[in-house]
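**Q** Structure supplied as query37.cif; contents: mmCIF, C-alpha atoms.
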```
data_target
loop_
_atom_site.label_atom_id
_atom_site.label_comp_id
_atom_site.auth_asym_id
_atom_site.auth_seq_id
_atom_site.Cartn_x
_atom_site.Cartn_y
_atom_site.Cartn_z
CA MET A 882 -68.70 -163.13 -50.53
CA THR A 883 -66.01 -161.42 -48.45
CA THR A 884 -63.45 -163.93 -49.70
CA ASP A 885 -64.35 -163.12 -53.33
CA ILE A 886 -64.15 -159.39 -52.70
CA LYS A 887 -60.75 -159.73 -51.05
CA ALA A 888 -59.49 -161.78 -53.98
CA ALA A 889 -60.68 -159.11 -56.40
CA LEU A 890 -59.09 -156.33 -54.36
CA ARG A 891 -55.75 -158.16 -54.24
CA ALA A 892 -55.66 -157.96 -58.04
CA GLN A 893 -56.05 -154.18 -58.08
CA ALA A 894 -53.21 -152.04 -59.42
CA ILE A 895 -53.14 -148.25 -59.46
CA GLU A 896 -50.47 -146.34 -61.33
CA THR A 897 -49.01 -143.19 -59.83
CA PRO A 898 -47.63 -140.32 -61.95
CA SER A 899 -44.01 -139.24 -61.65
CA TRP A 900 -45.00 -135.58 -61.88
CA ALA A 901 -47.12 -135.80 -58.73
CA TYR A 902 -43.94 -136.16 -56.68
CA GLY A 903 -42.45 -132.92 -58.03
CA ASN A 904 -43.41 -129.31 -57.45
CA SER A 905 -46.58 -128.41 -59.30
CA GLY A 906 -49.46 -126.06 -58.81
CA THR A 907 -51.85 -123.66 -60.48
CA ARG A 908 -51.33 -120.99 -63.13
CA PHE A 909 -50.83 -118.54 -60.29
CA LYS A 910 -48.26 -120.17 -58.05
CA VAL A 911 -46.19 -123.28 -57.52
CA PHE A 912 -45.38 -123.75 -53.83
CA ALA A 913 -42.04 -125.52 -53.45
CA GLN A 914 -41.88 -128.18 -50.74
CA PRO A 915 -38.91 -129.68 -48.90
CA GLY A 916 -37.67 -133.14 -49.87
CA VAL A 917 -38.99 -132.98 -53.43
CA PRO A 918 -37.16 -135.27 -55.91
CA ARG A 919 -34.43 -133.76 -58.08
CA ASP A 920 -34.51 -136.34 -60.86
CA PRO A 921 -36.58 -139.28 -62.16
CA PHE A 922 -34.65 -141.76 -60.03
CA GLU A 923 -35.69 -139.95 -56.84
CA LYS A 924 -39.26 -139.77 -58.12
CA LEU A 925 -39.24 -143.56 -58.40
CA ALA A 926 -37.90 -143.82 -54.86
CA ASP A 927 -40.88 -141.79 -53.62
CA ALA A 928 -43.31 -143.85 -55.70
CA ALA A 929 -41.87 -146.99 -54.11
CA GLN A 930 -43.01 -145.65 -50.74
CA VAL A 931 -46.59 -145.42 -51.97
CA HIS A 932 -46.44 -149.01 -53.17
CA ALA A 933 -44.72 -150.19 -49.98
CA PHE A 934 -47.49 -148.86 -47.75
CA THR A 935 -50.53 -149.56 -49.96
CA GLY A 936 -49.41 -152.70 -51.77
CA ILE A 937 -51.33 -151.78 -54.94
CA ALA A 938 -49.27 -149.09 -56.70
CA PRO A 939 -46.64 -151.12 -58.60
CA SER A 940 -46.17 -148.87 -61.65
CA VAL A 941 -45.17 -145.28 -62.36
CA ALA A 942 -46.11 -143.19 -65.37
CA LEU A 943 -43.36 -141.08 -66.92
CA HIS A 944 -43.67 -137.69 -68.62
CA ILE A 945 -41.30 -136.79 -71.43
CA PRO A 946 -39.33 -134.51 -71.36
CA TRP A 947 -39.87 -133.97 -67.63
CA ASP A 948 -38.45 -137.44 -66.98
CA GLU A 949 -35.83 -137.46 -69.72
CA VAL A 950 -32.68 -139.47 -68.93
CA ASP A 951 -29.68 -140.62 -70.93
CA ASP A 952 -30.33 -144.30 -70.27
CA TYR A 953 -33.98 -145.39 -70.07
CA ALA A 954 -33.03 -149.04 -69.67
CA ALA A 955 -31.12 -148.06 -66.54
CA LEU A 956 -34.14 -146.12 -65.27
CA SER A 957 -36.35 -149.16 -65.88
CA ALA A 958 -33.84 -151.39 -64.06
CA HIS A 959 -33.78 -148.93 -61.17
CA ALA A 960 -37.58 -149.14 -60.98
CA ALA A 961 -37.43 -152.93 -60.92
CA GLY A 962 -34.92 -152.79 -58.07
CA LEU A 963 -37.47 -150.79 -56.11
CA GLY A 964 -40.24 -153.28 -56.81
CA LEU A 965 -41.82 -151.08 -59.48
CA ARG A 966 -42.22 -151.03 -63.25
CA ILE A 967 -42.52 -148.22 -65.76
CA GLY A 968 -46.11 -147.58 -66.78
CA ALA A 969 -47.53 -145.23 -69.37
CA ILE A 970 -45.28 -142.82 -71.24
CA ASN A 971 -46.88 -139.37 -71.40
CA SER A 972 -45.96 -137.01 -74.23
CA ASN A 973 -45.60 -133.25 -73.88
CA VAL A 974 -46.49 -131.12 -76.89
CA PHE A 975 -47.89 -128.19 -74.96
CA GLN A 976 -45.00 -126.39 -73.26
CA ASP A 977 -42.77 -125.36 -76.15
CA ASP A 978 -43.07 -121.82 -77.53
CA ASP A 979 -43.60 -123.31 -80.98
CA TYR A 980 -46.91 -124.75 -79.81
CA ARG A 981 -48.63 -121.41 -79.20
CA LEU A 982 -51.06 -122.13 -82.06
CA GLY A 983 -51.10 -125.88 -81.57
CA SER A 984 -48.83 -128.87 -82.00
CA VAL A 985 -50.02 -131.61 -84.37
CA THR A 986 -52.87 -129.39 -85.57
CA ASN A 987 -50.73 -126.26 -86.00
CA PRO A 988 -51.15 -124.54 -89.38
CA ASP A 989 -47.35 -124.59 -89.76
CA ALA A 990 -46.17 -127.91 -91.24
CA ARG A 991 -42.73 -127.54 -89.63
CA ILE A 992 -44.23 -127.36 -86.15
CA ARG A 993 -46.56 -130.28 -86.86
CA ARG A 994 -43.51 -132.31 -87.88
CA LYS A 995 -41.68 -131.35 -84.70
CA ALA A 996 -44.65 -132.39 -82.54
CA THR A 997 -45.18 -135.71 -84.33
CA ASP A 998 -41.48 -136.50 -84.08
CA HIS A 999 -41.73 -136.01 -80.31
CA LEU A 1000 -44.62 -138.48 -80.15
CA LEU A 1001 -42.59 -141.01 -82.15
CA ALA A 1002 -39.64 -140.47 -79.79
CA CYS A 1003 -41.97 -141.33 -76.91
CA VAL A 1004 -42.61 -144.70 -78.55
CA ASP A 1005 -38.83 -145.16 -78.55
CA VAL A 1006 -38.94 -144.54 -74.78
CA MET A 1007 -41.64 -147.20 -74.52
CA ASP A 1008 -39.36 -149.65 -76.31
CA ALA A 1009 -36.47 -148.85 -73.98
CA THR A 1010 -38.45 -149.05 -70.73
CA GLY A 1011 -40.79 -151.93 -71.54
CA SER A 1012 -43.86 -149.71 -71.35
CA ASP A 1013 -46.86 -150.83 -73.37
CA THR A 1014 -48.87 -147.58 -73.24
CA LEU A 1015 -48.43 -144.14 -74.76
CA LYS A 1016 -50.72 -141.42 -73.42
CA LEU A 1017 -51.58 -138.53 -75.71
CA TRP A 1018 -53.06 -135.25 -74.58
CA PHE A 1019 -53.18 -132.21 -76.82
CA SER A 1020 -53.73 -128.65 -75.66
CA ASP A 1021 -54.37 -127.83 -79.33
CA GLY A 1022 -57.29 -125.58 -80.13
CA ILE A 1023 -58.25 -122.02 -80.93
CA ASN A 1024 -59.41 -119.05 -78.85
CA TYR A 1025 -61.34 -117.05 -81.45
CA PRO A 1026 -63.89 -117.81 -84.18
CA GLY A 1027 -62.18 -117.77 -87.54
CA GLN A 1028 -58.70 -118.18 -86.06
CA ASP A 1029 -58.25 -121.46 -87.96
CA ASP A 1030 -60.21 -124.01 -89.94
CA LEU A 1031 -61.94 -126.43 -87.53
CA ARG A 1032 -62.18 -129.25 -90.05
CA ALA A 1033 -58.62 -128.83 -91.30
CA ARG A 1034 -57.37 -129.15 -87.74
CA GLN A 1035 -59.16 -132.49 -87.42
CA ASP A 1036 -57.51 -133.64 -90.65
CA ARG A 1037 -54.08 -132.70 -89.29
CA LEU A 1038 -54.81 -134.47 -86.01
CA ALA A 1039 -55.89 -137.63 -87.84
CA GLU A 1040 -52.71 -137.59 -89.93
CA ALA A 1041 -50.45 -137.36 -86.87
CA LEU A 1042 -52.36 -140.01 -84.94
CA SER A 1043 -52.15 -142.37 -87.90
CA GLU A 1044 -48.38 -141.97 -88.11
CA VAL A 1045 -47.96 -142.66 -84.40
CA TYR A 1046 -50.35 -145.60 -84.57
CA ASP A 1047 -48.33 -147.18 -87.37
CA ARG A 1048 -45.16 -146.86 -85.27
CA LEU A 1049 -46.58 -148.86 -82.33
CA GLY A 1050 -45.08 -152.28 -81.83
CA GLU A 1051 -46.59 -155.61 -80.85
CA GLY A 1052 -48.43 -155.34 -77.55
CA GLN A 1053 -48.27 -151.53 -77.53
CA ARG A 1054 -51.16 -149.08 -77.65
CA PHE A 1055 -51.95 -145.43 -77.25
CA LEU A 1056 -54.62 -143.80 -75.14
CA LEU A 1057 -56.15 -140.60 -76.48
CA GLU A 1058 -57.18 -138.11 -73.82
CA TYR A 1059 -59.81 -135.41 -74.20
CA LYS A 1060 -60.44 -132.14 -72.37
CA LEU A 1061 -63.37 -129.77 -72.63
CA PHE A 1062 -61.32 -126.59 -72.57
CA GLU A 1063 -58.08 -124.93 -71.40
CA PRO A 1064 -55.82 -123.59 -72.65
CA ALA A 1065 -57.93 -123.39 -75.81
CA PHE A 1066 -61.24 -121.70 -75.02
CA TYR A 1067 -63.28 -121.29 -78.20
CA ALA A 1068 -62.66 -124.78 -79.59
CA THR A 1069 -60.43 -127.57 -78.35
CA ASP A 1070 -59.37 -130.10 -80.99
CA VAL A 1071 -60.11 -133.13 -78.76
CA PRO A 1072 -62.82 -131.70 -76.46
CA ASP A 1073 -64.85 -134.78 -75.56
CA TRP A 1074 -65.02 -138.55 -75.46
CA GLY A 1075 -66.92 -138.71 -78.76
CA THR A 1076 -64.14 -136.98 -80.68
CA ALA A 1077 -61.51 -139.20 -79.09
CA TYR A 1078 -63.63 -142.29 -79.70
CA ALA A 1079 -64.17 -141.47 -83.38
CA HIS A 1080 -60.44 -141.04 -84.02
CA CYS A 1081 -59.65 -144.28 -82.18
CA VAL A 1082 -62.26 -146.33 -84.03
CA ARG A 1083 -60.91 -145.12 -87.34
CA LEU A 1084 -57.38 -146.20 -86.41
CA GLY A 1085 -57.89 -149.66 -84.93
CA GLU A 1086 -57.71 -151.74 -81.77
CA LYS A 1087 -54.43 -150.26 -80.53
CA ALA A 1088 -56.08 -146.85 -80.09
CA GLN A 1089 -58.26 -146.40 -77.02
CA VAL A 1090 -59.79 -143.57 -74.99
CA VAL A 1091 -58.56 -142.46 -71.58
CA VAL A 1092 -61.04 -140.75 -69.24
CA ASP A 1093 -59.60 -137.96 -67.08
CA THR A 1094 -62.29 -137.46 -64.46
CA GLY A 1095 -61.56 -133.73 -64.23
CA HIS A 1096 -61.98 -132.96 -67.93
CA HIS A 1097 -65.75 -132.62 -68.20
CA ALA A 1098 -68.43 -129.96 -68.05
CA PRO A 1099 -70.23 -129.59 -64.70
CA GLY A 1100 -72.94 -132.18 -64.31
CA THR A 1101 -71.54 -134.58 -66.92
CA ASN A 1102 -72.49 -138.19 -66.23
CA ILE A 1103 -69.01 -139.69 -66.37
CA GLU A 1104 -70.19 -143.17 -65.47
CA PHE A 1105 -72.35 -143.20 -68.61
CA ILE A 1106 -69.25 -142.43 -70.69
CA VAL A 1107 -67.41 -145.24 -68.91
CA ALA A 1108 -70.26 -147.69 -69.53
CA PHE A 1109 -70.46 -146.76 -73.21
CA LEU A 1110 -66.72 -147.03 -73.85
CA LEU A 1111 -66.56 -150.37 -72.04
CA ARG A 1112 -69.46 -151.65 -74.11
CA GLU A 1113 -67.58 -150.68 -77.27
CA GLY A 1114 -64.26 -152.09 -76.05
CA ARG A 1115 -62.59 -148.68 -76.25
CA LEU A 1116 -61.97 -147.73 -72.63
CA GLY A 1117 -58.20 -147.83 -72.23
CA GLY A 1118 -57.82 -146.28 -68.82
CA PHE A 1119 -58.43 -143.48 -66.36
CA ASP A 1120 -56.62 -140.42 -65.16
CA PHE A 1121 -58.15 -140.15 -61.71
CA ASN A 1122 -58.48 -136.82 -59.92
CA SER A 1123 -61.22 -134.61 -58.49
CA ARG A 1124 -62.71 -131.31 -59.54
CA PHE A 1125 -65.07 -128.73 -58.13
CA TYR A 1126 -65.09 -126.33 -61.07
CA ALA A 1127 -62.77 -127.28 -63.95
CA ASP A 1128 -59.53 -129.23 -64.29
CA ASP A 1129 -58.74 -128.83 -60.58
CA ASP A 1130 -56.45 -131.89 -60.36
CA LEU A 1131 -57.37 -132.49 -56.73
CA MET A 1132 -56.98 -135.85 -54.99
CA VAL A 1133 -59.34 -138.43 -56.44
CA GLY A 1134 -62.48 -138.92 -54.35
CA SER A 1135 -61.99 -135.69 -52.42
CA ALA A 1136 -64.68 -133.63 -54.17
CA ASP A 1137 -67.33 -136.25 -54.94
CA PRO A 1138 -66.63 -139.72 -53.51
CA PHE A 1139 -70.10 -140.90 -54.58
CA GLN A 1140 -69.20 -140.17 -58.20
CA LEU A 1141 -66.03 -142.23 -57.86
CA PHE A 1142 -68.11 -145.11 -56.49
CA ARG A 1143 -70.56 -144.85 -59.39
CA ILE A 1144 -67.71 -144.89 -61.89
CA MET A 1145 -66.11 -147.92 -60.26
CA PHE A 1146 -69.42 -149.75 -60.18
CA GLU A 1147 -69.77 -149.34 -63.96
CA VAL A 1148 -66.17 -150.51 -64.35
CA VAL A 1149 -66.84 -153.63 -62.30
CA ARG A 1150 -70.17 -154.50 -63.89
CA GLY A 1151 -68.87 -153.71 -67.39
CA GLY A 1152 -65.89 -156.05 -67.21
CA GLY A 1153 -63.31 -153.28 -66.91
CA TYR A 1154 -61.83 -154.41 -63.62
CA GLY A 1155 -58.83 -156.67 -63.23
CA PRO A 1156 -55.56 -157.07 -65.15
CA GLU A 1157 -57.18 -159.08 -67.93
CA SER A 1158 -59.45 -156.15 -68.83
CA GLY A 1159 -56.59 -153.97 -70.04
CA VAL A 1160 -58.10 -150.89 -68.39
CA ALA A 1161 -55.37 -148.86 -66.68
CA PHE A 1162 -56.14 -147.07 -63.43
CA MET A 1163 -53.81 -144.09 -63.26
CA LEU A 1164 -53.68 -141.05 -61.02
CA ASP A 1165 -53.15 -137.62 -62.56
CA GLN A 1166 -53.01 -135.04 -59.81
CA CYS A 1167 -51.30 -131.88 -58.68
CA HIS A 1168 -50.34 -131.76 -55.01
CA ASN A 1169 -49.99 -128.04 -54.62
CA ILE A 1170 -50.52 -127.55 -50.86
CA GLU A 1171 -50.57 -131.10 -49.49
CA PRO A 1172 -47.47 -133.33 -49.08
CA LYS A 1173 -46.71 -135.24 -52.26
CA ILE A 1174 -46.24 -138.83 -51.11
CA ALA A 1175 -48.97 -138.70 -48.50
CA GLY A 1176 -51.31 -137.22 -51.10
CA GLN A 1177 -50.65 -140.14 -53.42
CA ILE A 1178 -51.18 -142.66 -50.62
CA ARG A 1179 -54.51 -141.07 -49.73
CA SER A 1180 -55.57 -141.06 -53.37
CA VAL A 1181 -54.72 -144.73 -53.82
CA MET A 1182 -56.71 -145.52 -50.69
CA ASN A 1183 -59.68 -143.52 -51.97
CA VAL A 1184 -59.77 -145.51 -55.21
CA GLN A 1185 -59.41 -148.74 -53.25
CA GLU A 1186 -62.31 -147.84 -50.95
CA ALA A 1187 -64.57 -146.91 -53.89
CA THR A 1188 -63.67 -150.19 -55.59
CA ALA A 1189 -64.45 -152.22 -52.47
CA LYS A 1190 -67.88 -150.59 -52.25
CA ALA A 1191 -68.51 -151.25 -55.95
CA LEU A 1192 -67.66 -154.91 -55.41
CA LEU A 1193 -70.15 -155.05 -52.53
CA VAL A 1194 -73.14 -154.20 -54.72
CA ASP A 1195 -75.64 -157.07 -54.69
CA THR A 1196 -75.94 -157.38 -58.45
CA GLY A 1197 -78.61 -160.08 -58.22
CA ALA A 1198 -80.87 -157.92 -56.06
CA LEU A 1199 -80.14 -154.94 -58.29
CA ALA A 1200 -81.09 -156.81 -61.46
CA ALA A 1201 -84.28 -158.10 -59.86
CA ALA A 1202 -85.30 -154.60 -58.75
CA GLN A 1203 -84.52 -153.17 -62.18
CA ALA A 1204 -86.53 -155.89 -63.95
CA ALA A 1205 -89.48 -155.26 -61.63
CA GLY A 1206 -89.33 -151.53 -62.22
CA ASP A 1207 -88.67 -150.98 -58.53
CA VAL A 1208 -87.05 -147.55 -58.73
CA LEU A 1209 -86.45 -147.06 -55.03
CA GLY A 1210 -85.44 -150.66 -54.45
CA ALA A 1211 -82.81 -150.54 -57.17
CA ASN A 1212 -81.42 -147.26 -55.87
CA ALA A 1213 -81.35 -148.68 -52.33
CA VAL A 1214 -79.15 -151.58 -53.44
CA LEU A 1215 -76.53 -149.14 -54.67
CA MET A 1216 -76.86 -146.90 -51.63
CA ASP A 1217 -76.48 -149.83 -49.24
CA ALA A 1218 -73.13 -150.68 -50.81
CA TYR A 1219 -71.98 -147.09 -50.91
CA ASN A 1220 -72.88 -146.48 -47.25
CA THR A 1221 -70.95 -149.54 -46.08
CA ASP A 1222 -67.80 -148.74 -44.15
CA VAL A 1223 -65.18 -150.79 -46.00
CA ARG A 1224 -62.19 -149.50 -44.03
CA PRO A 1225 -62.12 -152.47 -41.60
CA LEU A 1226 -62.20 -154.87 -44.57
CA LEU A 1227 -59.30 -153.08 -46.25
CA ALA A 1228 -57.32 -152.92 -43.01
CA GLU A 1229 -57.78 -156.67 -42.67
CA LEU A 1230 -56.75 -157.20 -46.27
CA ARG A 1231 -53.53 -155.23 -45.74
CA ALA A 1232 -52.72 -157.09 -42.55
CA GLU A 1233 -53.12 -160.38 -44.39
CA ALA A 1234 -50.60 -159.11 -46.96
CA GLY A 1235 -48.11 -158.24 -44.25
CA LEU A 1236 -48.76 -154.49 -44.53
CA GLU A 1237 -49.68 -151.96 -41.86
CA PRO A 1238 -53.50 -151.65 -41.66
CA ASP A 1239 -53.33 -147.83 -41.84
CA PRO A 1240 -50.98 -146.75 -44.69
CA MET A 1241 -51.14 -143.05 -43.85
CA ALA A 1242 -50.16 -143.56 -40.23
CA ALA A 1243 -47.48 -146.10 -41.15
CA TYR A 1244 -45.90 -143.72 -43.66
CA ALA A 1245 -45.92 -140.89 -41.14
CA ARG A 1246 -44.12 -143.12 -38.61
CA SER A 1247 -41.55 -144.33 -41.15
CA GLY A 1248 -39.46 -141.17 -41.04
CA TYR A 1249 -38.99 -141.26 -44.84
CA PHE A 1250 -40.13 -137.69 -45.36
CA GLU A 1251 -37.77 -136.33 -42.71
CA ARG A 1252 -34.92 -138.36 -44.20
CA VAL A 1253 -35.33 -137.12 -47.77
CA CYS A 1254 -35.72 -133.54 -46.55
CA ALA A 1255 -32.27 -133.85 -45.01
CA GLU A 1256 -30.73 -135.76 -47.93
CA ARG A 1257 -32.10 -133.82 -50.89
CA VAL A 1258 -30.19 -130.63 -50.46
CA GLY A 1259 -28.79 -128.89 -53.51
CA GLY A 1260 -29.63 -129.44 -57.11
CA THR A 1261 -32.87 -128.43 -58.80
CA GLN A 1262 -36.17 -129.77 -57.53
CA ALA A 1263 -38.32 -131.53 -60.12
CA GLY A 1264 -41.30 -129.56 -61.36
CA TRP A 1265 -43.70 -129.53 -64.23
CA GLY A 1266 -41.70 -127.02 -66.22
CA ALA A 1267 -44.33 -124.27 -66.16
#
```
Starting from the file, lay out its structure as structure tokens.
**A**
Amino acid sequence: MTTDIKAALRAQAIETPSWAYGNSGTRFKVFAQPGVPRDPFEKLADAAQVHAFTGIAPSVALHIPWDEVDDYAALSAHAAGLGLRIGAINSNVFQDDDYRLGSVTNPDARIRRKATDHLLACVDVMDATGSDTLKLWFSDGINYPGQDDLRARQDRLAEALSEVYDRLGEGQRFLLEYKLFEPAFYATDVPDWGTAYAHCVRLGEKAQVVVDTGHHAPGTNIEFIVAFLLREGRLGGFDFNSRFYADDDLMVGSADPFQLFRIMFEVVRGGGYGPESGVAFMLDQCHNIEPKIAGQIRSVMNVQEATAKALLVDTGALAAAQAAGDVLGANAVLMDAYNTDVRPLLAELRAEAGLEPDPMAAYARSGYFERVCAERVGGTQAGWGA
């Protein structure tokens, strides 16, 4: 069994986000840190450190225009030289002044055109970098009853999504993200998985739903959503992070590691694990007070640990207990796996791959952080543009 689990864990790949390496924070303050990248090329260099010490973070998501460059083919080649590849391309239709009343759902046709053109340009970036995934998140919504027509906004959204869908090439897809609220408070245009799912089903197989684990109401059973979307073949990927209250964007597994385990168990049992599944495991976090690279390493390790525990579940014993109506027995099977300390197994797995058993300690000893602090002097540090 250990051999099978190790084989499954070797196939794991977790994508890190370029923006996590830059300065980011809350609405109240962004705390600048030393050694932060000044351009997308330096972001990739930092991401390569995460992959070097964990062995399972081979791709980096880009955010346009935060990661805009003159030559995307050159950026992709630079990534390859670092042992990485370009992952999902994330669009940004929420930070321009024109988008105060929405982007693709804005009542102004000129602004809707501008927003849709940006989404189409992101597909051009996909073509240039070799990315196969476009990630769409819309801050669109309204703050007051009567501010705009709820149904008309859905019509506008559907029109824009259809145009982007038709632009996708062979082997490309888009993932539609949802968020309960913020910055729209009365009604968000894509507030939940059902809305995202309905739009995707209407469009076709190249449209799938992405689950950001921080985008739900308190108490939401996220693993049920995961199970349902897997059953329907519409789960395209995750944006992993943690939350205590709202969209906190904390390190995945830091607030509720048991929830992360439950999600990963449904992924494993539902056929969503492994490269052949097509489900992308991406981080989407904001390292406001913790070091950027170390925060990403810890997050990757947290997902890896939850996955190892999910793979340890005795599915035969679980099925037998469920069939017998043994409530406590079935729960005990899950709890036994969750309470297993998988860190020695993962340390052994890393050693077998020629990596240091403890990625956090190895990174701290490497001196990389001290080196980039000394080298990255001058210029403008990368940030999220807020």
**Q** Give me the stretch 1118-1220 of chain A side of the contact with stretch 1012-1015 of chain A, cut-off 12 Å, one line per residue showing its nearest atom pair and distance in Å at one decimal, counting only C-alpha atoms, sorted by chain and residue number, as a Markdown table.
**A**
```
| residue | atom | partner | partner_atom | distance |
| --- | --- | --- | --- | --- |
| A:Gly1118 | CA | A:Thr1014 | CA | 10.1 |
| A:Gly1159 | CA | A:Thr1014 | CA | 10.5 |
| A:Val1160 | CA | A:Thr1014 | CA | 10.9 |
| A:Ala1161 | CA | A:Thr1014 | CA | 9.3 |
| A:Met1163 | CA | A:Thr1014 | CA | 11.7 |
```
**Q** Smallest atom-to-atom distance to A:Tyr953: which of A:Cys1003, A:Leu1209, A:Ala892, A:Leu1192, using all atoms listed in the file?
**A**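 Smallest distance to A:Tyr953 is found for A:Cys1003.
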**Q** Counting all atoms listed in the file, find residues at most 8 Å from (-56.2, -144.0, -46.7) (file frame) and give them as a PDB file with C-alpha atoms, in the coordinates of the input.
**A**
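What ended up in selection-v1.pdb:
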```
ATOM      1  CA  ILE A1178     -51.180-142.660 -50.620  1.00  0.00           C
ATOM      2  CA  ARG A1179     -54.510-141.070 -49.730  1.00  0.00           C
ATOM      3  CA  SER A1180     -55.570-141.060 -53.370  1.00  0.00           C
ATOM      4  CA  VAL A1181     -54.720-144.730 -53.820  1.00  0.00           C
ATOM      5  CA  MET A1182     -56.710-145.520 -50.690  1.00  0.00           C
ATOM      6  CA  ASN A1183     -59.680-143.520 -51.970  1.00  0.00           C
ATOM      7  CA  ASP A1239     -53.330-147.830 -41.840  1.00  0.00           C
ATOM      8  CA  PRO A1240     -50.980-146.750 -44.690  1.00  0.00           C
ATOM      9  CA  MET A1241     -51.140-143.050 -43.850  1.00  0.00           C
TER      10      MET A1241
END
```
**Q** Taking the file above as input, evaluate the PyMOL selection byres ((chain A and resi 1223-1226) around 10) and report the hits as a list of chain:residue names.
**A**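 Applying the expression gives A:Thr883, A:Ile886, A:Lys887, A:Met1182, A:Gln1185, A:Glu1186, A:Ala1187, A:Thr1188, A:Ala1189, A:Lys1190, A:Leu1193, A:Ala1218, A:Tyr1219, A:Asn1220, A:Thr1221, A:Asp1222, A:Leu1227, A:Ala1228, A:Glu1229, A:Leu1230, A:Arg1231, A:Ala1232, A:Pro1238, A:Asp1239.
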**Q** May I ask which of the residues A:Val917, A:Val1107, A:Leu1001, A:Ala1201 is the closest one to A:Asp1047, counting only C-alpha atoms?
**A**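 Going through A:Val917, A:Val1107, A:Leu1001, A:Ala1201 one by one, the smallest distance to A:Asp1047 is for A:Leu1001.
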**Q** Name every residue that the PyMOL selection byres ((chain A and resi 893) around 10) selects in this structure, writing the answer as a VMD selection string with chains first and numbers rising.
**A** chain A and resid 888 to 892 894 to 895 936 to 939 1154 to 1156 1162 1184 to 1185 1188
**Q** Got a sec: who's within 9 Å of A:Glu1086, counting all atoms listed in the file, leaving out chain neighbours fewer than 2 positions off, as a list in words?
**A**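 Selected residues are Arg1054, Cys1081, Val1082, Leu1084, Ala1088, Gln1089, Gly1114 and Arg1115 of chain A.
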**Q** Within 6 Å of (-64.4, -135.1, -71.0), in the coordinates the file gives, what residues turn up when you count only C-alpha atoms, written out as an NGL selection string?
**A** :A and (1059-1061 or 1073-1074 or 1096-1097)
**Q** Please report the interatomic distance between atom CA of A:Glu1058 and atom CA of A:Ser940 in Å with one decimal.
**A**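 We find that atom CA of A:Glu1058 and atom CA of A:Ser940 lie 19.6 Å from each other.
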**Q** To verify the selection step, state as a PyMOL selection string which residues the PyMOL selection byres ((chain A and resi 1006) around 12) yields on this input.
**A** chain A and resi 942-946+948-957+967-972+999-1005+1007-1015+1049+1053
